[in-house]
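Undergrad: For reference, the structure I am asking about is given below.
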Amino acid sequence: MNTPTLHLPPAQLKTTSSVLLPGSKSISNRTLLLAALADNTTEIRSLLHSDDTQRMLEALVKLGIHIESLPKTAADPTVGLRVQGSCGRFPQQKADLFLGNAGTAFRPLTAALALLGGDYHLHGVARMHERPIGDLVDALRAAGAHIDYLTNAGFPPLHIGPFEHRPDPCLSIKGNVSSQFLTALLMALPLTGHAYRIAVVGELISKPYIDITLKLMAQFGVAVRHHDYRTFELPAQAHYHAPAVVHVEGDASSASYFLAAGLISGNPVRVLGIGRNSIQGDVAFAQELEKLGAQLTWGENFIEVSRAANQAVLPFDLDANHIPDAAMTLAIVALASGQTCRLRNIASWRVKETDRISAMATELRKLGATAVETEDSLTITPPAKLIPDVHIDTYDDHRMAMCFSLVSLMDTPIYINDPSCVNKTFPHYFDVFAQLHV
């Protein structure tokens with residue numbers, strides 16, 4: 001069967017452009033789960049509409065949560081839902097949940113269901129069954145959860161059984177595989193009603209994603225103390241209480257493609273939906289672009305990037321642990337610099353939707369670049385001239401497709417295989433990208 005392909009011709013951006021971002025995936029799925037577990041009803045506005053959020057919504061409905069769509073209005077044309085909270089107990093104690101390849105749904109739901117107990121089967125696509133979950137399961141078992149691996153130890157699919165609370169209030173979790181494990185624990189433990197202390201073993205990667213979790217939990221009434229991200233303290237008798245209305249920020253990771261477009265092209269590109277007070281760590285991507293020659297303008301609800309005509313795109317050697325998703329975009333920016341660039345401390349790329357270090361290196365080589373990978377780094381040396389009209393494989397990974405679209409801004413036509421993989425987080429990405437062109 002032939003793989004669908006999208007051809008992107010060489011493109012120039014308009015003199016000035018603006019983009020309204022879709023809602024953040026990380027914030028959307030966290031907010032949906034917290035709203036479902038709250039003791040009241042809330043309205044969620046600007047929710048991301050994508051495959052990942054659809055998997056979370058389907059699961060919550062199967063678990064008995066009442067969710068209704070809100071009508072769009074001229075004043076607020078965004079996707080909106082009204083979620084009736086379940087007071088920390090899902091009405092359905094037995095369910096079979098298919099969660100696709102949505103880590104932001106699979107990990108937190110695993111923790112919440114395990115600490116509430118019941119009879120649950122959690123599974124996903126083949127790639128999800130290759131993404132590790134053993135560290136989270138170990139921590140949940142230590143708290144009293146009953147979880148069985150149904151195929152391979154340490155990986156989904158899972159069966160969840162009854163919960164039996166254990167009196168030890170101290171848990172530990174490894175921090176160097178995925179920050180989603182700690183996020184899942186933090187969001188789920190308040191459901192037990194007990195106080196807990198979580199110790200992080202090793203280096204905690206992607207700290208900004210933990211900040212998102214902590215800020216959203218506080219917004220829903222549960223304050224967590226931490227000590228330099230090494231230990232986290234959750235109070236007893238905590239419960240979630242939702243704000244009357246929650247507005248989901250624009251997705252800062254998705255912003256990276258358009259911000260990078262402003263740097264590569266030189267023409268100003270303004271992204272709307274995030275700004276100087278965003279709770280998402282990936283807004284730091286804009287600051288990294290500034291080090292590479294970009295000119296930045298910050299507003300309350302926008303970031304704008306451009307580059308002066310006499311300013312080259314500069315090379316970089318970056319520890320990208322703080323922006324692991326957005327850093328993928330820098331692998332493409334490296335091609336515009338014309339010099340050797342390196343991304344370090346990105347081991348988490350290997351356990352994402354695909355092995356992103358390997359996939360990125362493979363596709364960059366098709367363009368003529370030299371790409372050298374280690375377990376946790378990627379070094380890129382651009383060719384004198386990019387090879388035109390190559391077919392980029394996307395590995396069912398939305399970020400691969402969106403990243404490589406930027407090659408078309410470097411006077412290089414390119415083919416993107418399986419472009420519909422962007423449905424995971426940004427279904428209309430290529431339409432929006434095309435609207436920026438002259």
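Within each chain, counting starts at residue 1; across the structure tokens, chains are named A, B, ... in the order shown, with ligands numbered 1 upward in that order.
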Going by DSSP on the backbone, which residues of region 98-236 of chain A come out as strand (DSSP E)? List them as a ChimeraX atom specification.
TA: /A:98,119-123,147-149,158-160,170-174,196-201,225-227,231-234
Undergrad: Ser46 (chain A): which residues within 7 Å, counting only C-alpha atoms, same-chain residues fewer than 3 positions away excluded, as a PyMOL selection string?
TA: chain A and resi 23+78-80+247-248
Undergrad: Taking only C-alpha atoms into account, which of A:Ser69, A:Gln280, A:Gln93, A:Thr53 comes nearest Phe106 (chain A)?
TA: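 Result for the nearest residue to Phe106 (chain A): A:Thr53.
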Undergrad: Determine the nearest neighbour of Gln180 (chain A) from the options A:Asn29, A:Phe220, A:Leu263, A:Ser278, counting only C-alpha atoms.
TA: A:Asn29
Undergrad: Excluding Thr329 (chain A) and residues on its chain fewer than 3 positions from it, collect all residues at most 10 Å away from it, counting only C-alpha atoms, and give them as a PyMOL selection string.
TA: chain A and resi 253-254+256-261+285+324-326+332-334+399-400+402-404+406
Undergrad: With C-alpha atoms retained, export the selected residues as a JSON list (two decimals), in the first residue's frame.
TA:
```json
[["chain", "number", "residue", "atom", "x", "y", "z"],
["A", 253, "SER", "CA", 5.91, 23.04, 21.52],
["A", 254, "SER", "CA", 3.81, 23.66, 18.41],
["A", 256, "SER", "CA", 8.48, 26.20, 17.94],
["A", 257, "TYR", "CA", 7.94, 25.52, 14.21],
["A", 258, "PHE", "CA", 6.57, 28.98, 13.52],
["A", 259, "LEU", "CA", 9.10, 30.76, 15.73],
["A", 260, "ALA", "CA", 11.88, 28.90, 13.93],
["A", 261, "ALA", "CA", 10.31, 29.94, 10.63],
["A", 285, "PHE", "CA", 12.73, 27.75, 22.98],
["A", 324, "PRO", "CA", 13.07, 18.15, 24.88],
["A", 325, "ASP", "CA", 10.12, 18.41, 22.47],
["A", 326, "ALA", "CA", 10.83, 21.87, 21.10],
["A", 332, "ILE", "CA", 16.32, 21.53, 11.51],
["A", 333, "VAL", "CA", 17.49, 25.04, 12.41],
["A", 334, "ALA", "CA", 21.00, 23.54, 12.44],
["A", 399, "ARG", "CA", 6.93, 16.23, 15.44],
["A", 400, "MET", "CA", 9.02, 14.65, 12.70],
["A", 402, "MET", "CA", 6.24, 19.36, 11.44],
["A", 403, "CYS", "CA", 9.99, 19.78, 11.94],
["A", 404, "PHE", "CA", 10.94, 18.80, 8.41],
["A", 406, "LEU", "CA", 10.80, 23.93, 7.70]]
```
Undergrad: Of the candidates A:Phe163, A:Tyr209, A:Tyr395, A:Phe98, which shows the shortest atom-to-atom distance to Asp282 (chain A), using only C-alpha atoms?
TA: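 Using only C-alpha atoms, Asp282 (chain A) sits closest to A:Tyr209.
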Undergrad: Give the answer as one residue: which of A:Lys14, A:Lys352, A:Lys366, A:His7 has the shortest atom-to-atom distance to Ser306 (chain A), using only C-alpha atoms?
TA: A:Lys14
Undergrad: Write out as an mmCIF file with all heavy atoms, in the first residue's frame the residues lying within 10 Å of Arg230 (chain A), counting only C-alpha atoms and excluding same-chain residues fewer than 5 positions away.
TA:
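What landed in result_27.cif:
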```cif
data_model
loop_
_atom_site.group_PDB
_atom_site.id
_atom_site.type_symbol
_atom_site.label_atom_id
_atom_site.label_comp_id
_atom_site.auth_asym_id
_atom_site.auth_seq_id
_atom_site.Cartn_x
_atom_site.Cartn_y
_atom_site.Cartn_z
ATOM 1 N N GLY A 175 13.894 9.495 37.822
ATOM 2 C CA GLY A 175 13.603 10.735 37.113
ATOM 3 C C GLY A 175 14.191 10.847 35.728
ATOM 4 O O GLY A 175 13.956 11.843 35.050
ATOM 5 N N ILE A 198 7.503 12.003 47.912
ATOM 6 C CA ILE A 198 8.097 11.332 46.757
ATOM 7 C C ILE A 198 9.543 11.769 46.623
ATOM 8 O O ILE A 198 9.831 12.971 46.563
ATOM 9 C CB ILE A 198 7.349 11.669 45.457
ATOM 10 C CG1 ILE A 198 5.850 11.367 45.573
ATOM 11 C CG2 ILE A 198 7.944 10.902 44.283
ATOM 12 C CD1 ILE A 198 5.050 11.870 44.384
ATOM 13 N N ALA A 199 10.445 10.799 46.566
ATOM 14 C CA ALA A 199 11.863 11.086 46.329
ATOM 15 C C ALA A 199 12.199 10.731 44.885
ATOM 16 O O ALA A 199 11.866 9.635 44.426
ATOM 17 C CB ALA A 199 12.739 10.293 47.287
ATOM 18 N N VAL A 200 12.845 11.656 44.192
ATOM 19 C CA VAL A 200 13.260 11.419 42.813
ATOM 20 C C VAL A 200 14.659 10.803 42.817
ATOM 21 O O VAL A 200 15.592 11.355 43.413
ATOM 22 C CB VAL A 200 13.259 12.723 41.992
ATOM 23 C CG1 VAL A 200 13.774 12.479 40.587
ATOM 24 C CG2 VAL A 200 11.854 13.305 41.958
ATOM 25 N N VAL A 201 14.791 9.659 42.174
ATOM 26 C CA VAL A 201 16.066 8.954 42.108
ATOM 27 C C VAL A 201 16.765 9.336 40.813
ATOM 28 O O VAL A 201 16.204 9.176 39.719
ATOM 29 C CB VAL A 201 15.862 7.421 42.162
ATOM 30 C CG1 VAL A 201 17.207 6.702 42.064
ATOM 31 C CG2 VAL A 201 15.137 7.031 43.441
ATOM 32 N N GLY A 202 17.988 9.860 40.901
ATOM 33 C CA GLY A 202 18.716 10.292 39.714
ATOM 34 C C GLY A 202 18.259 11.660 39.251
ATOM 35 O O GLY A 202 17.496 12.361 39.923
ATOM 36 N N GLU A 203 18.716 12.062 38.067
ATOM 37 C CA GLU A 203 18.378 13.377 37.525
ATOM 38 C C GLU A 203 16.944 13.392 37.013
ATOM 39 O O GLU A 203 16.504 12.473 36.331
ATOM 40 C CB GLU A 203 19.320 13.734 36.371
ATOM 41 C CG GLU A 203 19.032 15.094 35.765
ATOM 42 C CD GLU A 203 19.869 15.392 34.523
ATOM 43 O OE1 GLU A 203 20.553 14.474 34.031
ATOM 44 O OE2 GLU A 203 19.822 16.537 34.047
ATOM 45 N N LEU A 204 16.206 14.425 37.366
ATOM 46 C CA LEU A 204 14.849 14.605 36.854
ATOM 47 C C LEU A 204 14.921 15.356 35.535
ATOM 48 O O LEU A 204 15.361 16.508 35.478
ATOM 49 C CB LEU A 204 13.994 15.383 37.850
ATOM 50 C CG LEU A 204 12.568 15.709 37.388
ATOM 51 C CD1 LEU A 204 11.780 14.439 37.109
ATOM 52 C CD2 LEU A 204 11.853 16.569 38.425
#
```
